[in-house]
Each structure stands twice: as C-alpha cells, then as structure tokens.
$ cat target_31.cif   # mmCIF, C-alpha atoms
data_protein
#
loop_
_atom_site.group_PDB
_atom_site.id
_atom_site.type_symbol
_atom_site.label_atom_id
_atom_site.label_comp_id
_atom_site.auth_asym_id
_atom_site.auth_seq_id
_atom_site.Cartn_x
_atom_site.Cartn_y
_atom_site.Cartn_z
ATOM 1 C CA MET A 1043 83.287 103.663 127.970
ATOM 2 C CA ALA A 1044 84.853 107.090 127.597
ATOM 3 C CA ILE A 1045 88.432 107.858 128.588
ATOM 4 C CA SER A 1046 88.130 109.880 131.774
ATOM 5 C CA ARG A 1047 90.539 112.024 133.765
ATOM 6 C CA GLY A 1048 90.969 109.194 136.259
ATOM 7 C CA GLN A 1049 92.356 106.936 133.560
ATOM 8 C CA ILE A 1050 94.947 109.466 132.412
ATOM 9 C CA LEU A 1051 95.621 111.152 135.733
ATOM 10 C CA LYS A 1052 99.407 111.195 135.283
ATOM 11 C CA GLU A 1053 98.969 113.570 132.364
ATOM 12 C CA LEU A 1054 98.054 116.221 134.944
ATOM 13 C CA VAL A 1055 101.229 115.701 136.966
ATOM 14 C CA PRO A 1056 103.859 118.402 136.282
ATOM 15 C CA GLY A 1057 107.257 117.108 135.248
ATOM 16 C CA LEU A 1058 106.093 113.726 133.933
ATOM 17 C CA HIS A 1059 109.152 112.441 132.081
ATOM 18 C CA ALA A 1060 107.713 110.053 129.483
ATOM 19 C CA ILE A 1061 104.771 107.965 128.412
ATOM 20 C CA PHE A 1062 105.510 104.812 126.460
ATOM 21 C CA GLY A 1063 103.734 101.863 124.870
ATOM 22 C CA THR A 1064 102.618 103.144 121.478
ATOM 23 C CA GLU A 1065 105.906 104.427 120.048
ATOM 24 C CA TYR A 1066 107.273 101.117 118.812
ATOM 25 C CA SER A 1067 108.209 100.720 115.175
ATOM 26 C CA ARG A 1068 105.746 98.580 113.244
ATOM 27 C CA TYR A 1069 105.881 95.971 110.521
ATOM 28 C CA GLU A 1070 104.109 98.031 107.873
ATOM 29 C CA ASN A 1071 102.072 96.793 104.924
ATOM 30 C CA GLU A 1072 103.282 93.195 104.925
ATOM 31 C CA HIS A 1073 100.027 92.293 103.196
ATOM 32 C CA ALA A 1074 101.021 94.231 100.072
ATOM 33 C CA VAL A 1075 103.329 91.476 98.758
ATOM 34 C CA LEU A 1076 100.821 88.724 99.553
ATOM 35 C CA PHE A 1077 97.925 90.012 97.454
ATOM 36 C CA ASP A 1078 97.187 91.908 94.259
ATOM 37 C CA GLU A 1079 95.010 94.869 95.241
ATOM 38 C CA GLU A 1080 91.948 95.967 93.303
ATOM 39 C CA THR A 1081 89.155 98.423 94.051
ATOM 40 C CA SER A 1082 85.490 97.579 94.416
ATOM 41 C CA ASN A 1083 82.247 99.556 94.305
ATOM 42 C CA ARG A 1084 79.932 96.685 95.183
ATOM 43 C CA ALA A 1085 78.814 94.946 98.377
ATOM 44 C CA PHE A 1086 80.829 91.893 97.301
ATOM 45 C CA GLU A 1087 82.860 90.710 94.324
ATOM 46 C CA GLU A 1088 82.665 87.443 92.425
ATOM 47 C CA GLU A 1089 85.058 85.872 89.938
ATOM 48 C CA VAL A 1090 83.995 82.892 87.858
ATOM 49 C CA LEU A 1091 86.091 80.191 86.225
ATOM 50 C CA PHE A 1092 85.725 79.758 82.466
ATOM 51 C CA PRO A 1093 87.621 76.581 81.550
ATOM 52 C CA GLY A 1094 87.651 77.023 77.774
ATOM 53 C CA PHE A 1095 88.214 73.983 75.564
ATOM 54 C CA GLY A 1096 90.522 71.004 75.609
ATOM 55 C CA GLU A 1097 93.075 70.306 72.901
ATOM 56 C CA ALA A 1098 91.782 70.183 69.355
ATOM 57 C CA SER A 1099 91.487 66.711 67.828
ATOM 58 C CA VAL A 1100 92.402 65.391 64.404
ATOM 59 C CA LYS A 1101 89.659 65.614 61.770
ATOM 60 C CA PHE A 1102 89.950 62.690 59.420
ATOM 61 C CA GLU A 1103 89.100 63.066 55.764
ATOM 62 C CA GLY A 1104 85.415 62.938 55.071
ATOM 63 C CA GLN A 1105 84.414 62.931 58.735
ATOM 64 C CA ALA A 1106 82.583 65.625 60.662
ATOM 65 C CA VAL A 1107 84.413 68.043 62.912
ATOM 66 C CA ASN A 1108 84.112 67.477 66.661
ATOM 67 C CA TYR A 1109 82.123 70.071 68.613
ATOM 68 C CA ALA A 1110 83.445 71.086 72.010
ATOM 69 C CA ASP A 1111 81.332 71.896 75.039
ATOM 70 C CA SER A 1112 82.106 74.507 77.672
ATOM 71 C CA GLY A 1113 80.483 76.787 80.244
ATOM 72 C CA GLU A 1114 81.080 78.526 83.509
ATOM 73 C CA GLY A 1115 82.786 76.675 86.332
ATOM 74 C CA TRP A 1116 82.948 77.460 90.033
ATOM 75 C CA VAL A 1117 82.762 80.943 91.535
ATOM 76 C CA ALA A 1118 85.105 82.677 93.983
ATOM 77 C CA ARG A 1119 83.351 85.233 96.177
ATOM 78 C CA TYR A 1120 84.869 88.110 98.142
ATOM 79 C CA ASN A 1121 82.684 89.400 100.980
ATOM 80 C CA HIS A 1122 83.896 92.782 102.164
ATOM 81 C CA GLU A 1123 84.268 93.340 105.901
ATOM 82 C CA THR A 1124 83.995 96.626 107.725
ATOM 83 C CA VAL A 1125 86.821 97.141 110.205
ATOM 84 C CA ALA A 1126 86.533 99.967 112.715
ATOM 85 C CA MET A 1127 87.938 101.233 115.994
ATOM 86 C CA ALA A 1128 86.735 104.138 118.134
ATOM 87 C CA PHE A 1129 87.411 105.914 121.388
ATOM 88 C CA SER A 1130 85.784 108.757 123.289
ATOM 89 C CA ILE A 1131 86.967 111.291 125.869
ATOM 90 C CA THR A 1132 84.863 112.790 128.620
ATOM 91 C CA GLU A 1133 83.773 116.409 128.557
ATOM 92 C CA GLU A 1134 85.777 117.109 131.713
ATOM 93 C CA ALA A 1135 88.979 115.703 130.208
ATOM 94 C CA MET A 1136 88.445 117.924 127.190
ATOM 95 C CA GLU A 1137 87.954 120.952 129.446
ATOM 96 C CA ASP A 1138 91.266 120.229 131.150
ATOM 97 C CA ASN A 1139 92.981 120.076 127.739
ATOM 98 C CA LEU A 1140 93.917 116.435 128.170
ATOM 99 C CA TYR A 1141 93.023 115.621 124.582
ATOM 100 C CA ASP A 1142 95.509 118.211 123.364
ATOM 101 C CA LYS A 1143 98.190 116.428 125.375
ATOM 102 C CA LEU A 1144 97.085 112.962 124.279
ATOM 103 C CA SER A 1145 96.006 113.555 120.681
ATOM 104 C CA THR A 1146 99.221 112.397 119.026
ATOM 105 C CA ARG A 1147 99.402 109.228 121.086
ATOM 106 C CA LEU A 1148 95.715 108.433 120.721
ATOM 107 C CA THR A 1149 95.678 108.897 116.956
ATOM 108 C CA LYS A 1150 98.854 106.817 116.636
ATOM 109 C CA ALA A 1151 97.273 104.098 118.750
ATOM 110 C CA LEU A 1152 94.157 104.185 116.555
ATOM 111 C CA ALA A 1153 96.208 103.914 113.357
ATOM 112 C CA ARG A 1154 98.235 101.092 114.889
ATOM 113 C CA SER A 1155 95.059 99.188 115.752
ATOM 114 C CA MET A 1156 93.604 99.555 112.247
ATOM 115 C CA SER A 1157 96.856 98.565 110.553
ATOM 116 C CA SER A 1158 97.318 95.521 112.753
ATOM 117 C CA ALA A 1159 93.811 94.277 111.966
ATOM 118 C CA LYS A 1160 94.494 94.481 108.223
ATOM 119 C CA GLN A 1161 97.820 92.646 108.501
ATOM 120 C CA THR A 1162 96.242 89.905 110.616
ATOM 121 C CA LYS A 1163 93.313 89.407 108.235
ATOM 122 C CA ALA A 1164 95.662 89.209 105.260
ATOM 123 C CA ALA A 1165 97.962 86.667 106.905
ATOM 124 C CA SER A 1166 94.930 84.638 107.982
ATOM 125 C CA ILE A 1167 94.255 83.580 104.367
ATOM 126 C CA PHE A 1168 97.695 81.948 104.299
ATOM 127 C CA ASN A 1169 97.496 80.654 107.878
ATOM 128 C CA LYS A 1170 94.302 78.811 106.900
ATOM 129 C CA ALA A 1171 95.660 77.491 103.602
ATOM 130 C CA PHE A 1172 95.389 73.900 104.889
ATOM 131 C CA ASP A 1173 92.317 74.539 107.059
ATOM 132 C CA SER A 1174 88.939 73.088 106.070
ATOM 133 C CA THR A 1175 87.198 76.144 107.552
ATOM 134 C CA GLN A 1176 88.427 78.093 104.506
ATOM 135 C CA LEU A 1177 87.437 76.549 101.197
ATOM 136 C CA GLY A 1178 87.951 77.925 97.724
ATOM 137 C CA GLY A 1179 85.419 78.095 94.935
ATOM 138 C CA ASP A 1180 86.368 74.545 93.888
ATOM 139 C CA GLY A 1181 85.259 73.228 97.276
ATOM 140 C CA VAL A 1182 88.674 72.306 98.698
ATOM 141 C CA VAL A 1183 91.277 74.084 100.805
ATOM 142 C CA LEU A 1184 93.655 76.589 99.250
ATOM 143 C CA ALA A 1185 96.638 74.210 99.472
ATOM 144 C CA SER A 1186 95.480 70.777 98.330
ATOM 145 C CA THR A 1187 96.865 67.689 96.642
ATOM 146 C CA ALA A 1188 93.560 67.218 94.794
ATOM 147 C CA HIS A 1189 92.067 70.365 93.299
ATOM 148 C CA PRO A 1190 89.258 69.141 91.026
ATOM 149 C CA LEU A 1191 89.522 70.255 87.410
ATOM 150 C CA GLN A 1192 86.689 70.634 84.914
ATOM 151 C CA SER A 1193 88.311 67.872 82.866
ATOM 152 C CA GLY A 1194 87.619 65.396 85.669
ATOM 153 C CA THR A 1195 91.240 65.104 86.800
ATOM 154 C CA THR A 1196 92.871 66.664 89.874
ATOM 155 C CA GLN A 1197 95.967 68.745 90.468
ATOM 156 C CA ALA A 1198 98.122 69.682 93.457
ATOM 157 C CA ASN A 1199 99.647 72.912 94.713
ATOM 158 C CA THR A 1200 101.308 71.309 97.698
ATOM 159 C CA PHE A 1201 103.466 68.263 98.371
ATOM 160 C CA THR A 1202 102.063 64.798 98.998
ATOM 161 C CA THR A 1203 104.625 64.578 101.791
ATOM 162 C CA GLN A 1204 105.100 68.029 103.292
ATOM 163 C CA ALA A 1205 108.698 69.267 103.155
ATOM 164 C CA GLU A 1206 110.715 71.743 105.186
ATOM 165 C CA LEU A 1207 112.287 74.673 103.361
ATOM 166 C CA SER A 1208 115.466 73.550 101.618
ATOM 167 C CA GLU A 1209 117.171 73.701 98.263
ATOM 168 C CA THR A 1210 115.561 70.426 97.216
ATOM 169 C CA SER A 1211 112.036 71.327 98.345
ATOM 170 C CA LEU A 1212 112.220 74.741 96.672
ATOM 171 C CA GLU A 1213 113.297 73.128 93.418
ATOM 172 C CA ASP A 1214 110.542 70.516 93.679
ATOM 173 C CA ALA A 1215 107.948 73.237 94.331
ATOM 174 C CA LEU A 1216 109.080 75.228 91.289
ATOM 175 C CA ILE A 1217 108.980 72.079 89.171
ATOM 176 C CA GLY A 1218 105.446 71.499 90.428
ATOM 177 C CA ILE A 1219 104.421 75.044 89.493
ATOM 178 C CA ALA A 1220 105.905 74.567 86.008
ATOM 179 C CA GLY A 1221 103.653 71.514 85.667
ATOM 180 C CA PHE A 1222 100.394 73.376 86.344
ATOM 181 C CA THR A 1223 97.701 72.958 83.709
ATOM 182 C CA ASP A 1224 94.428 74.762 83.160
ATOM 183 C CA ASP A 1225 91.072 73.119 83.859
ATOM 184 C CA ARG A 1226 91.204 71.378 80.472
ATOM 185 C CA ASP A 1227 94.633 69.865 81.234
ATOM 186 C CA ILE A 1228 96.472 72.208 78.869
ATOM 187 C CA PRO A 1229 99.854 73.287 80.337
ATOM 188 C CA VAL A 1230 100.024 76.922 81.478
ATOM 189 C CA ALA A 1231 103.196 79.010 81.663
ATOM 190 C CA LEU A 1232 103.234 79.959 85.352
ATOM 191 C CA GLN A 1233 106.339 80.391 87.463
ATOM 192 C CA GLY A 1234 107.285 81.253 90.998
ATOM 193 C CA LYS A 1235 107.558 84.944 91.804
ATOM 194 C CA THR A 1236 108.238 85.358 95.535
ATOM 195 C CA LEU A 1237 108.908 83.192 98.582
ATOM 196 C CA HIS A 1238 106.932 83.968 101.760
ATOM 197 C CA ILE A 1239 108.094 82.744 105.140
ATOM 198 C CA PRO A 1240 107.623 83.225 108.887
ATOM 199 C CA ARG A 1241 110.362 84.935 110.885
ATOM 200 C CA GLN A 1242 111.772 81.558 111.960
ATOM 201 C CA LEU A 1243 112.927 80.756 108.406
ATOM 202 C CA VAL A 1244 114.633 84.034 107.505
ATOM 203 C CA PHE A 1245 118.162 82.685 107.905
ATOM 204 C CA VAL A 1246 117.368 79.551 105.916
ATOM 205 C CA ALA A 1247 115.898 81.642 103.091
ATOM 206 C CA GLU A 1248 118.886 83.981 103.068
ATOM 207 C CA ARG A 1249 121.329 81.107 102.700
ATOM 208 C CA LEU A 1250 119.235 79.568 99.922
ATOM 209 C CA LEU A 1251 118.726 82.694 97.818
ATOM 210 C CA ALA A 1252 121.624 85.044 98.524
ATOM 211 C CA SER A 1253 124.614 82.962 97.446
ATOM 212 C CA PRO A 1254 125.584 82.347 93.799
ATOM 213 C CA TYR A 1255 126.809 78.902 94.885
ATOM 214 C CA ARG A 1256 124.900 75.974 96.305
ATOM 215 C CA PRO A 1257 124.382 76.235 100.068
ATOM 216 C CA ALA A 1258 125.712 73.692 102.572
ATOM 217 C CA THR A 1259 128.072 71.981 100.143
ATOM 218 C CA ALA A 1260 131.815 72.107 99.518
ATOM 219 C CA ASP A 1261 131.283 71.703 95.789
ATOM 220 C CA ASN A 1262 131.659 74.703 93.526
ATOM 221 C CA ASP A 1263 128.260 74.110 91.922
ATOM 222 C CA VAL A 1264 126.224 77.063 90.797
ATOM 223 C CA ASN A 1265 123.084 77.916 92.785
ATOM 224 C CA ALA A 1266 120.513 77.173 90.081
ATOM 225 C CA LEU A 1267 117.747 78.983 91.959
ATOM 226 C CA VAL A 1268 119.771 82.191 91.775
ATOM 227 C CA SER A 1269 121.422 81.812 88.372
ATOM 228 C CA LYS A 1270 118.110 81.090 86.629
ATOM 229 C CA GLY A 1271 116.270 83.826 88.493
ATOM 230 C CA MET A 1272 113.622 81.379 89.622
ATOM 231 C CA LEU A 1273 112.257 83.669 92.362
ATOM 232 C CA PRO A 1274 112.821 87.154 90.916
ATOM 233 C CA GLY A 1275 111.020 88.870 93.801
ATOM 234 C CA GLY A 1276 113.191 87.206 96.450
ATOM 235 C CA TYR A 1277 111.763 86.266 99.835
ATOM 236 C CA HIS A 1278 109.519 88.175 102.228
ATOM 237 C CA VAL A 1279 109.016 87.654 105.944
ATOM 238 C CA ASN A 1280 105.523 87.910 107.400
ATOM 239 C CA HIS A 1281 105.442 88.360 111.163
ATOM 240 C CA ARG A 1282 101.835 87.205 111.437
ATOM 241 C CA PHE A 1283 102.327 83.775 109.897
ATOM 242 C CA THR A 1284 101.502 81.311 112.659
ATOM 243 C CA GLY A 1285 103.266 78.207 111.340
ATOM 244 C CA SER A 1286 106.957 78.317 112.229
ATOM 245 C CA LYS A 1287 107.918 75.951 109.381
ATOM 246 C CA ARG A 1288 105.187 76.728 106.856
ATOM 247 C CA TRP A 1289 106.264 78.449 103.643
ATOM 248 C CA PHE A 1290 104.644 79.627 100.432
ATOM 249 C CA ILE A 1291 105.603 80.554 96.887
ATOM 250 C CA ARG A 1292 103.435 83.104 95.088
ATOM 251 C CA THR A 1293 103.186 82.580 91.367
ATOM 252 C CA ASP A 1294 102.467 85.031 88.557
ATOM 253 C CA SER A 1295 98.911 83.741 88.120
ATOM 254 C CA PRO A 1296 96.839 86.777 87.069
ATOM 255 C CA HIS A 1297 93.902 85.857 89.333
ATOM 256 C CA GLY A 1298 95.453 84.251 92.382
ATOM 257 C CA MET A 1299 95.621 85.991 95.743
ATOM 258 C CA LYS A 1300 93.509 89.152 95.755
ATOM 259 C CA MET A 1301 92.497 92.023 97.999
ATOM 260 C CA PHE A 1302 89.503 94.219 97.171
ATOM 261 C CA ASN A 1303 89.506 97.693 98.694
ATOM 262 C CA ARG A 1304 85.873 98.806 99.054
ATOM 263 C CA ALA A 1305 86.427 101.908 101.192
ATOM 264 C CA GLY A 1306 89.756 103.363 102.252
ATOM 265 C CA ILE A 1307 90.483 104.323 105.827
ATOM 266 C CA ALA A 1308 88.514 107.349 107.000
ATOM 267 C CA THR A 1309 88.277 109.082 110.356
ATOM 268 C CA SER A 1310 85.498 111.106 111.943
ATOM 269 C CA MET A 1311 84.582 112.744 115.247
ATOM 270 C CA GLU A 1312 81.424 113.988 116.903
ATOM 271 C CA GLY A 1313 80.172 115.228 120.254
ATOM 272 C CA ASP A 1314 77.510 113.527 122.338
ATOM 273 C CA PHE A 1315 74.822 115.944 123.537
ATOM 274 C CA GLU A 1316 73.829 114.043 126.689
ATOM 275 C CA THR A 1317 77.289 113.344 128.117
ATOM 276 C CA GLY A 1318 79.410 115.996 126.445
ATOM 277 C CA ASN A 1319 81.903 113.272 125.502
ATOM 278 C CA VAL A 1320 83.745 113.545 122.204
ATOM 279 C CA ARG A 1321 83.927 110.383 120.089
ATOM 280 C CA TYR A 1322 86.539 109.514 117.478
ATOM 281 C CA LYS A 1323 86.303 106.700 114.926
ATOM 282 C CA ALA A 1324 88.400 105.147 112.175
ATOM 283 C CA ARG A 1325 86.798 102.882 109.564
ATOM 284 C CA GLU A 1326 87.672 100.997 106.376
ATOM 285 C CA ARG A 1327 86.165 98.172 104.354
ATOM 286 C CA TYR A 1328 87.968 95.485 102.373
ATOM 287 C CA SER A 1329 88.254 91.773 101.693
ATOM 288 C CA PHE A 1330 91.078 89.278 101.247
ATOM 289 C CA GLY A 1331 90.827 85.982 99.410
ATOM 290 C CA PHE A 1332 91.815 83.979 96.361
ATOM 291 C CA SER A 1333 90.287 83.035 93.043
ATOM 292 C CA ASP A 1334 92.792 80.732 91.320
ATOM 293 C CA TRP A 1335 94.563 78.305 93.659
ATOM 294 C CA ARG A 1336 97.432 78.306 91.161
ATOM 295 C CA GLY A 1337 98.403 81.603 92.760
ATOM 296 C CA ILE A 1338 100.490 79.765 95.354
ATOM 297 C CA TRP A 1339 102.451 76.651 96.163
ATOM 298 C CA ALA A 1340 102.453 75.832 99.878
ATOM 299 C CA SER A 1341 104.218 73.485 102.273
ATOM 300 C CA ASN A 1342 103.198 72.671 105.830
ATOM 301 C CA PRO A 1343 105.832 70.451 107.466
ATOM 302 C CA SER A 1344 105.208 69.260 111.002
#
$ encode --input "target_31.cif" --output "structure tokens"
Amino acid sequence: MAISRGQILKELVPGLHAIFGTEYSRYENEHAVLFDEETSNRAFEEEVLFPGFGEASVKFEGQAVNYADSGEGWVARYNHETVAMAFSITEEAMEDNLYDKLSTRLTKALARSMSSAKQTKAASIFNKAFDSTQLGGDGVVLASTAHPLQSGTTQANTFTTQAELSETSLEDALIGIAGFTDDRDIPVALQGKTLHIPRQLVFVAERLLASPYRPATADNDVNALVSKGMLPGGYHVNHRFTGSKRWFIRTDSPHGMKMFNRAGIATSMEGDFETGNVRYKARERYSFGFSDWRGIWASNPS
C-alpha cells in the first residue's frame, strides 16, 4: 500500500511544530564485535573441518613406521539471506511536494529498519546458542557439553552446571578455553578475547573488569583477570540478547563466529506507470553463523 496524503495529512497543516518517532539515537553496529566479517561472491559459503593427525608415536628399532589416516570432517554452511524494505508514495502526494517534506524522515526510517534487521539476525545466533533449532556442522548446538571430535572423544564450550557471571565463573570459563584441543585431542593455544553480555549484566561486568583489585572482597588481592589481561577486548553490551543472565566469551579462534557479506546495502527508486506512485527500496544480502564452536564459551544460567 502506498503512503497517501490522508496518512500524512498533518504535513499539509501550516505551523506544525514537530514530528517525532524516528529521531531516536540507535545502538549502531553491535554485530561488528560478535563476528569476523568476510565477503562472498557465491550463493552460499561452506567451510570444512580438516582434523589433521594425532600425536606421533614412538618407532621402535627395526619396526615399521605407523601410517596415519585423515580426511575431511563436517561442513559448516552459510546460506545468504536477502533483507529488504520498501515504501511507495502516491502520485498525488508527490504533486503536493509531500515527499520533499518527508524525504529525510522516510530515508532515516528505512535505514533504521535495515540496520535493526541486521542487528537482530546477528544476535539471534547467540540467542539460539543452546537451541536445538540451530545446529552446527558437528550436529550439536553451538554451546554444548559434548561436541563430538574426530578422535571419538567429546569436548565442552559451556559449563556442566550453568553459572551466573562472577569472578569465579569467568575464571573457570577461561580455564576451560585454555583446555581446548583440536579434533585429534592435541591442545590448541586459544584464549578469551572479549566478554559479551546483555544490558542487565553491565554493572556486574564493570565491577569484574574495571578494578585492579578483586571485586566484592576486603582483601588487597590483585584482580587476576585484569592483571593478566585475560580479556584484552573488554566487555561489550548487546541490546538484542534475549537472555538476561546469559553471557558469552569470544575466543581468538580464526574460524569461529563469521559473517559473510554477499551484497552491501543498496537503494533504488522507480515510478509505477499505472498508478503514478513512486516506489523506494533498500536491499542487502548477508549471512551470520559459525564454523568452529571453539569461537565462544557460553553460559546460560536460569
């Protein structure tokens, strides 16, 4: 349906003092710290696990060397989505110069709509980290206590008993990250990079990471999280996280949380011959997802 003069009648009233509703400040680009962005020129992208070999074994004198076996593992697939928003204005509204009066607000509203969709889709990957509707290439949820490895063992990137954000739980999570191995059970040197929280935990995170001394104690102990630089990127609030107590640590895994940008945002306009309406559209195409579950540690306390 086109925007008609009847829908924006007040624009024709002389002396109208103000129009409001689209001038609020926005939380911009919160997805940027959640994902590593790459470009794509394909309909979809795939990333495949190659587990390599296990540890070499001792070759005893006079005996044959052991031959290792390997091959491709599971595949992570990124299906790009097209996101678009459009509006049209009637020929009569254009004749009365209403678009000239509304253009700034309408284009701001369009940009706001497109930006909000991207932020929501990005946060959704984290919001569904414990949700069976979103499975990784290994067949389990993003945050699991039993990610299957090619060696036949399993590994966790979440707690067996979910823990609220605290000094102890942060330390335990970082210890867990330091214990990650590859799919052949060989230890890998990953560490926590940034803490990601909902708005409800901002004051907790500030007390945990801003002081050089341990929080909530009268002792003069050093804050080991700060002194050792365990989270060099600090903490980041995401206002689209739906769990009020859920928190995440992003690691420096090179193939963890990823965004593929297939087509950047573009706008276009055209007239409709039959109605005389003018149509405006914004469009972009991208995907959010994850390849290596080692890209995060997550906690989902009740």
$ closest_residue --input "target_31.cif" --among "A:Ser1130, A:Ser1166, A:Asn1280, A:Ser1186" --to "A:Ala1074" --atoms "only C-alpha atoms"
A:Asn1280
$ closest_residue --input "target_31.cif" --among "A:Ser1333, A:Ser1174, A:Thr1149, A:Asn1071" --to "A:Phe1302" --atoms "all atoms listed in the file"
A:Ser1333
$ closest_atom_pairs --input "target_31.cif" --of "stretch 1066-1121 of chain A" --to "stretch 1238-1260 of chain A" --cutoff "12 Å" --atoms "only C-alpha atoms" --output "JSON lines"
{"residue": "A:Tyr1069", "atom": "CA", "partner": "A:Arg1241", "partner_atom": "CA", "distance": 11.9}
{"residue": "A:Glu1072", "atom": "CA", "partner": "A:His1238", "partner_atom": "CA", "distance": 10.4}
{"residue": "A:His1073", "atom": "CA", "partner": "A:His1238", "partner_atom": "CA", "distance": 10.9}
{"residue": "A:Ala1074", "atom": "CA", "partner": "A:His1238", "partner_atom": "CA", "distance": 12.0}
{"residue": "A:Val1075", "atom": "CA", "partner": "A:His1238", "partner_atom": "CA", "distance": 8.9}
{"residue": "A:Leu1076", "atom": "CA", "partner": "A:His1238", "partner_atom": "CA", "distance": 8.1}
{"residue": "A:Phe1077", "atom": "CA", "partner": "A:His1238", "partner_atom": "CA", "distance": 11.7}
$ atom_distance --input "target_31.cif" --atom1 "atom CA of A:Lys1300" --atom2 "atom CA of A:Glu1213"
25.6 Å
$ resolve_selection --input "target_31.cif" --expression "the PyMOL selection byres ((chain A and resi 1195) around 12)" --output "list in words"
Thr1187, Ala1188, His1189, Pro1190, Leu1191, Gln1192, Ser1193, Gly1194, Thr1196, Gln1197, Ala1198, Thr1223, Asp1224, Asp1225, Arg1226, Asp1227 and Ile1228 of chain A
$ closest_residue --input "target_31.cif" --among "A:Pro1296, A:Gly1313, A:Gly1115, A:Gly1094" --to "A:Ala1231" --atoms "all atoms listed in the file"
A:Pro1296
$ closest_residue --input "target_31.cif" --among "A:Gly1096, A:Gly1285, A:Gly1104, A:Gly1298" --to "A:Phe1330" --atoms "only C-alpha atoms"
A:Gly1298
$ resolve_selection --input "target_31.cif" --expression "the PyMOL selection byres ((chain A and resi 1081) around 9)" --output "PyMOL selection string"
chain A and resi 1079-1080+1082-1083+1301-1305+1328
$ closest_residue --input "target_31.cif" --among "A:Ser1208, A:Ser1286, A:Thr1236, A:Thr1162" --to "A:Pro1274" --atoms "only C-alpha atoms"
A:Thr1236
$ closest_residue --input "target_31.cif" --among "A:Val1117, A:Met1156, A:Ala1164, A:Leu1091" --to "A:Leu1177" --atoms "only C-alpha atoms"
A:Val1117
$ atom_distance --input "target_31.cif" --atom1 "atom CA of A:Ala1153" --atom2 "atom CA of A:Met1127"
9.1 Å
$ residues_around --input "target_31.cif" --residues "A:Gln1233" --least-positions-apart "2" --cutoff "8 Å" --atoms "only C-alpha atoms" --output "JSON, numbers by chain"
{"A": [1216, 1219, 1220, 1231, 1235, 1272, 1293, 1294]}
$ atom_distance --input "target_31.cif" --atom1 "atom CA of A:His1281" --atom2 "atom CA of A:Gln1161"
9.1 Å
$ residues_around --input "target_31.cif" --residues "A:Val1090" --least-positions-apart "2" --cutoff "8 Å" --atoms "all atoms listed in the file" --output "mmCIF file with C-alpha atoms, in the coordinates of the input"
data_model
loop_
_atom_site.group_PDB
_atom_site.id
_atom_site.type_symbol
_atom_site.label_atom_id
_atom_site.label_comp_id
_atom_site.auth_asym_id
_atom_site.auth_seq_id
_atom_site.Cartn_x
_atom_site.Cartn_y
_atom_site.Cartn_z
ATOM 1 C CA GLU A 1088 82.665 87.443 92.425
ATOM 2 C CA PHE A 1092 85.725 79.758 82.466
ATOM 3 C CA GLU A 1114 81.080 78.526 83.509
ATOM 4 C CA GLY A 1115 82.786 76.675 86.332
ATOM 5 C CA TRP A 1116 82.948 77.460 90.033
ATOM 6 C CA VAL A 1117 82.762 80.943 91.535
ATOM 7 C CA ALA A 1118 85.105 82.677 93.983
#
$ resolve_selection --input "target_31.cif" --expression "the PyMOL selection byres ((chain A and resi 1176) around 12)" --output "short mmCIF file (atom, residue, chain, number, x, y, z; two decimals) with C-alpha atoms, in the coordinates of the input"
data_model
loop_
_atom_site.label_atom_id
_atom_site.label_comp_id
_atom_site.auth_asym_id
_atom_site.auth_seq_id
_atom_site.Cartn_x
_atom_site.Cartn_y
_atom_site.Cartn_z
CA ALA A 1118 85.10 82.68 93.98
CA SER A 1166 94.93 84.64 107.98
CA ILE A 1167 94.26 83.58 104.37
CA PHE A 1168 97.70 81.95 104.30
CA ASN A 1169 97.50 80.65 107.88
CA LYS A 1170 94.30 78.81 106.90
CA ALA A 1171 95.66 77.49 103.60
CA PHE A 1172 95.39 73.90 104.89
CA ASP A 1173 92.32 74.54 107.06
CA SER A 1174 88.94 73.09 106.07
CA THR A 1175 87.20 76.14 107.55
CA LEU A 1177 87.44 76.55 101.20
CA GLY A 1178 87.95 77.92 97.72
CA GLY A 1179 85.42 78.10 94.94
CA ASP A 1180 86.37 74.54 93.89
CA GLY A 1181 85.26 73.23 97.28
CA VAL A 1182 88.67 72.31 98.70
CA VAL A 1183 91.28 74.08 100.80
CA LEU A 1184 93.66 76.59 99.25
CA ALA A 1185 96.64 74.21 99.47
CA SER A 1186 95.48 70.78 98.33
CA PHE A 1330 91.08 89.28 101.25
CA GLY A 1331 90.83 85.98 99.41
CA PHE A 1332 91.82 83.98 96.36
#
$ build_atoms --input "target_31.cif" --residues "stretch 1261-1273 of chain A" --atoms "N, CA and C atoms" --output "PDB file, in the frame of the given file"
ATOM      1  N   ASP A1261     131.130  71.662  97.242  1.00  0.00           N
ATOM      2  CA  ASP A1261     131.283  71.703  95.789  1.00  0.00           C
ATOM      3  C   ASP A1261     131.149  73.138  95.284  1.00  0.00           C
ATOM      4  N   ASN A1262     131.701  73.372  94.126  1.00  0.00           N
ATOM      5  CA  ASN A1262     131.659  74.703  93.526  1.00  0.00           C
ATOM      6  C   ASN A1262     130.497  74.821  92.542  1.00  0.00           C
ATOM      7  N   ASP A1263     129.413  74.098  92.823  1.00  0.00           N
ATOM      8  CA  ASP A1263     128.260  74.110  91.922  1.00  0.00           C
ATOM      9  C   ASP A1263     127.553  75.459  91.981  1.00  0.00           C
ATOM     10  N   VAL A1264     126.999  75.837  90.844  1.00  0.00           N
ATOM     11  CA  VAL A1264     126.224  77.063  90.797  1.00  0.00           C
ATOM     12  C   VAL A1264     124.905  76.867  91.536  1.00  0.00           C
ATOM     13  N   ASN A1265     124.402  77.934  92.161  1.00  0.00           N
ATOM     14  CA  ASN A1265     123.084  77.916  92.785  1.00  0.00           C
ATOM     15  C   ASN A1265     122.061  78.156  91.684  1.00  0.00           C
ATOM     16  N   ALA A1266     121.415  77.076  91.230  1.00  0.00           N
ATOM     17  CA  ALA A1266     120.513  77.173  90.081  1.00  0.00           C
ATOM     18  C   ALA A1266     119.311  78.074  90.367  1.00  0.00           C
ATOM     19  N   LEU A1267     118.866  78.118  91.610  1.00  0.00           N
ATOM     20  CA  LEU A1267     117.747  78.983  91.959  1.00  0.00           C
ATOM     21  C   LEU A1267     118.073  80.444  91.680  1.00  0.00           C
ATOM     22  N   VAL A1268     119.342  80.807  91.969  1.00  0.00           N
ATOM     23  CA  VAL A1268     119.771  82.191  91.775  1.00  0.00           C
ATOM     24  C   VAL A1268     120.127  82.454  90.319  1.00  0.00           C
ATOM     25  N   SER A1269     120.919  81.561  89.728  1.00  0.00           N
ATOM     26  CA  SER A1269     121.422  81.812  88.372  1.00  0.00           C
ATOM     27  C   SER A1269     120.293  81.853  87.338  1.00  0.00           C
ATOM     28  N   LYS A1270     119.229  81.092  87.568  1.00  0.00           N
ATOM     29  CA  LYS A1270     118.110  81.090  86.629  1.00  0.00           C
ATOM     30  C   LYS A1270     117.031  82.105  87.004  1.00  0.00           C
ATOM     31  N   GLY A1271     117.247  82.819  88.085  1.00  0.00           N
ATOM     32  CA  GLY A1271     116.270  83.826  88.493  1.00  0.00           C
ATOM     33  C   GLY A1271     114.900  83.237  88.759  1.00  0.00           C
ATOM     34  N   MET A1272     114.871  82.100  89.451  1.00  0.00           N
ATOM     35  CA  MET A1272     113.622  81.379  89.622  1.00  0.00           C
ATOM     36  C   MET A1272     112.634  82.078  90.564  1.00  0.00           C
ATOM     37  N   LEU A1273     113.129  82.892  91.470  1.00  0.00           N
ATOM     38  CA  LEU A1273     112.257  83.669  92.362  1.00  0.00           C
ATOM     39  C   LEU A1273     112.684  85.126  92.264  1.00  0.00           C
TER      40      LEU A1273
END
